Amino acid sequence: MTSAALLPALATALVWIPPLMTTSQHRSGAWWLLALVAAPVVAFIVNWFRPTATDMDIAFILGLPQVVVLPLMAALDVWLDVRNGYYIGGEASMAYGIALTVASAGGVILVLLVCFSGRLGARIMAR
(Lines give C-alpha, C1' and ligand atoms only; values in the text may rest on other atoms or scores of the structure.)
Protein backbone atom coordinates (compact mmCIF):
# COMPACT_ATOMS: atom_id res chain seq x y z
CA MET A 1 0.00 0.00 0.00
CA THR A 2 2.86 2.37 0.70
CA SER A 3 4.29 2.08 -2.81
CA ALA A 4 0.89 2.94 -4.29
CA ALA A 5 0.93 6.18 -2.28
CA LEU A 6 4.62 7.05 -2.42
CA LEU A 7 5.38 6.40 -6.09
CA PRO A 8 2.89 9.00 -7.43
CA ALA A 9 4.20 11.48 -4.85
CA LEU A 10 7.75 10.70 -5.99
CA ALA A 11 6.68 11.29 -9.60
CA THR A 12 5.37 14.73 -8.64
CA ALA A 13 8.62 15.57 -6.84
CA LEU A 14 10.76 14.35 -9.74
CA VAL A 15 8.86 16.51 -12.22
CA TRP A 16 9.72 19.55 -10.08
CA ILE A 17 13.48 18.88 -9.93
CA PRO A 18 14.47 20.30 -13.36
CA PRO A 19 12.79 23.69 -12.76
CA LEU A 20 14.47 23.87 -9.35
CA MET A 21 17.87 23.48 -10.99
CA THR A 22 17.41 26.41 -13.37
CA THR A 23 17.13 30.10 -12.66
CA SER A 24 14.47 30.65 -15.30
CA GLN A 25 11.01 31.47 -14.01
CA HIS A 26 9.39 30.35 -17.25
CA ARG A 27 7.65 26.96 -17.25
CA SER A 28 6.67 25.63 -20.66
CA GLY A 29 3.25 24.25 -21.44
CA ALA A 30 4.76 20.78 -21.84
CA TRP A 31 6.16 20.97 -18.30
CA TRP A 32 2.76 21.98 -16.86
CA LEU A 33 1.14 19.09 -18.73
CA LEU A 34 3.79 16.68 -17.42
CA ALA A 35 3.30 18.00 -13.88
CA LEU A 36 -0.43 17.38 -14.17
CA VAL A 37 -0.19 13.92 -15.76
CA ALA A 38 2.87 12.26 -14.17
CA ALA A 39 1.39 11.26 -10.80
CA PRO A 40 -1.95 9.97 -12.20
CA VAL A 41 -0.12 7.87 -14.80
CA VAL A 42 2.13 6.38 -12.13
CA ALA A 43 -0.90 5.69 -9.90
CA PHE A 44 -2.66 3.97 -12.80
CA ILE A 45 0.38 1.78 -13.58
CA VAL A 46 1.05 0.87 -9.94
CA ASN A 47 -2.58 -0.11 -9.38
CA TRP A 48 -2.70 -1.95 -12.66
CA PHE A 49 0.16 -4.24 -11.66
CA ARG A 50 -0.78 -4.50 -8.00
CA PRO A 51 -4.36 -3.37 -7.29
CA THR A 52 -4.35 -1.42 -4.05
CA ALA A 53 -7.10 1.13 -4.66
CA THR A 54 -9.87 -1.41 -4.31
CA ASP A 55 -12.47 1.17 -3.28
CA MET A 56 -12.75 4.96 -3.41
CA ASP A 57 -11.83 5.46 0.24
CA ILE A 58 -8.50 3.69 -0.15
CA ALA A 59 -7.91 5.43 -3.50
CA PHE A 60 -8.46 8.80 -1.82
CA ILE A 61 -6.03 7.94 0.98
CA LEU A 62 -3.44 6.88 -1.62
CA GLY A 63 -3.73 10.30 -3.27
CA LEU A 64 -3.38 12.37 -0.09
CA PRO A 65 0.43 12.74 -0.22
CA GLN A 66 -0.07 15.01 -3.25
CA VAL A 67 -1.54 17.69 -0.95
CA VAL A 68 1.77 17.78 0.93
CA VAL A 69 4.28 17.22 -1.88
CA LEU A 70 3.11 19.95 -4.24
CA PRO A 71 3.15 22.82 -1.69
CA LEU A 72 6.53 21.64 -0.39
CA MET A 73 8.01 21.71 -3.88
CA ALA A 74 6.48 25.14 -4.58
CA ALA A 75 7.83 26.50 -1.27
CA LEU A 76 11.27 25.09 -2.09
CA ASP A 77 11.10 26.73 -5.52
CA VAL A 78 10.28 30.14 -4.01
CA TRP A 79 12.90 29.69 -1.27
CA LEU A 80 15.59 29.03 -3.89
CA ASP A 81 14.46 32.10 -5.83
CA VAL A 82 14.64 34.24 -2.68
CA ARG A 83 18.05 32.83 -1.85
CA ASN A 84 19.32 33.60 -5.37
CA GLY A 85 18.06 37.18 -5.11
CA TYR A 86 15.20 36.95 -7.56
CA TYR A 87 12.73 38.33 -5.01
CA ILE A 88 13.51 41.27 -2.78
CA GLY A 89 11.73 42.35 0.41
CA GLY A 90 7.96 42.13 0.27
CA GLU A 91 8.02 40.33 -3.06
CA ALA A 92 9.19 37.20 -1.27
CA SER A 93 6.17 37.15 1.04
CA MET A 94 3.83 37.67 -1.87
CA ALA A 95 5.58 34.92 -3.86
CA TYR A 96 5.25 32.49 -0.96
CA GLY A 97 1.56 33.32 -0.54
CA ILE A 98 0.71 32.95 -4.21
CA ALA A 99 2.83 29.82 -4.67
CA LEU A 100 1.39 28.05 -1.63
CA THR A 101 -2.19 28.99 -2.53
CA VAL A 102 -1.87 27.77 -6.11
CA ALA A 103 0.08 24.67 -5.05
CA SER A 104 -2.54 23.76 -2.47
CA ALA A 105 -5.30 24.03 -5.06
CA GLY A 106 -3.16 22.04 -7.48
CA GLY A 107 -2.55 19.45 -4.78
CA VAL A 108 -6.28 18.95 -4.34
CA ILE A 109 -6.69 18.54 -8.10
CA LEU A 110 -3.82 16.03 -8.15
CA VAL A 111 -5.38 14.09 -5.26
CA LEU A 112 -8.54 13.68 -7.30
CA LEU A 113 -6.66 12.73 -10.47
CA VAL A 114 -4.48 10.21 -8.62
CA CYS A 115 -7.54 8.84 -6.83
CA PHE A 116 -9.54 8.28 -10.00
CA SER A 117 -6.64 6.97 -12.09
CA GLY A 118 -5.53 4.59 -9.33
CA ARG A 119 -9.08 3.33 -8.98
CA LEU A 120 -9.31 2.89 -12.75
CA GLY A 121 -6.07 0.91 -12.81
CA ALA A 122 -7.25 -1.37 -10.00
CA ARG A 123 -10.65 -1.83 -11.66
CA ILE A 124 -9.09 -2.80 -15.00
CA MET A 125 -6.86 -5.36 -13.29
CA ALA A 126 -9.79 -6.81 -11.33
CA ARG A 127 -11.58 -7.82 -14.54
# chains A, B, ... in the order shown; residues from 1 in each chain; ligands from 1

call {"tool": "select_by_dssp", "arguments": {"residues": "chain A", "states": "alpha helix (DSSP H)", "output": "MDAnalysis selection string"}}
result
chainID A and resid 2:21 29:49 56:63 65:83 90:126

call {"tool": "atom_distance", "arguments": {"atom1": "CA of Val111 (chain A)", "atom2": "CA of Gly63 (chain A)"}}
result
4.6 Å

call {"tool": "closest_residue", "arguments": {"among": "A:Met56, A:Ala4, A:Val114, A:Ile98", "to": "Ala38 (chain A)", "atoms": "only C-alpha atoms"}}
result
A:Val114

call {"tool": "atom_distance", "arguments": {"atom1": "CA of Phe44 (chain A)", "atom2": "CA of Val67 (chain A)"}}
result
18.2 Å

call {"tool": "residues_around", "arguments": {"residues": "Val69 (chain A)", "least_positions_apart": "4", "cutoff": "12 Å", "atoms": "only C-alpha atoms", "output": "PyMOL selection string"}}
result
chain A and resi 5-16+39+63-65+73-76+100+103-104+106-108+110-111

call {"tool": "atom_distance", "arguments": {"atom1": "CA of Gly118 (chain A)", "atom2": "CA of Leu34 (chain A)"}}
result
17.3 Å

call {"tool": "closest_residue", "arguments": {"among": "A:Val78, A:Leu33, A:Leu62, A:Ile124", "to": "Glu91 (chain A)", "atoms": "only C-alpha atoms"}}
result
A:Val78

call {"tool": "closest_residue", "arguments": {"among": "A:Met94, A:Gly89, A:Val42, A:Ala99", "to": "Asp77 (chain A)", "atoms": "only C-alpha atoms"}}
result
A:Ala99
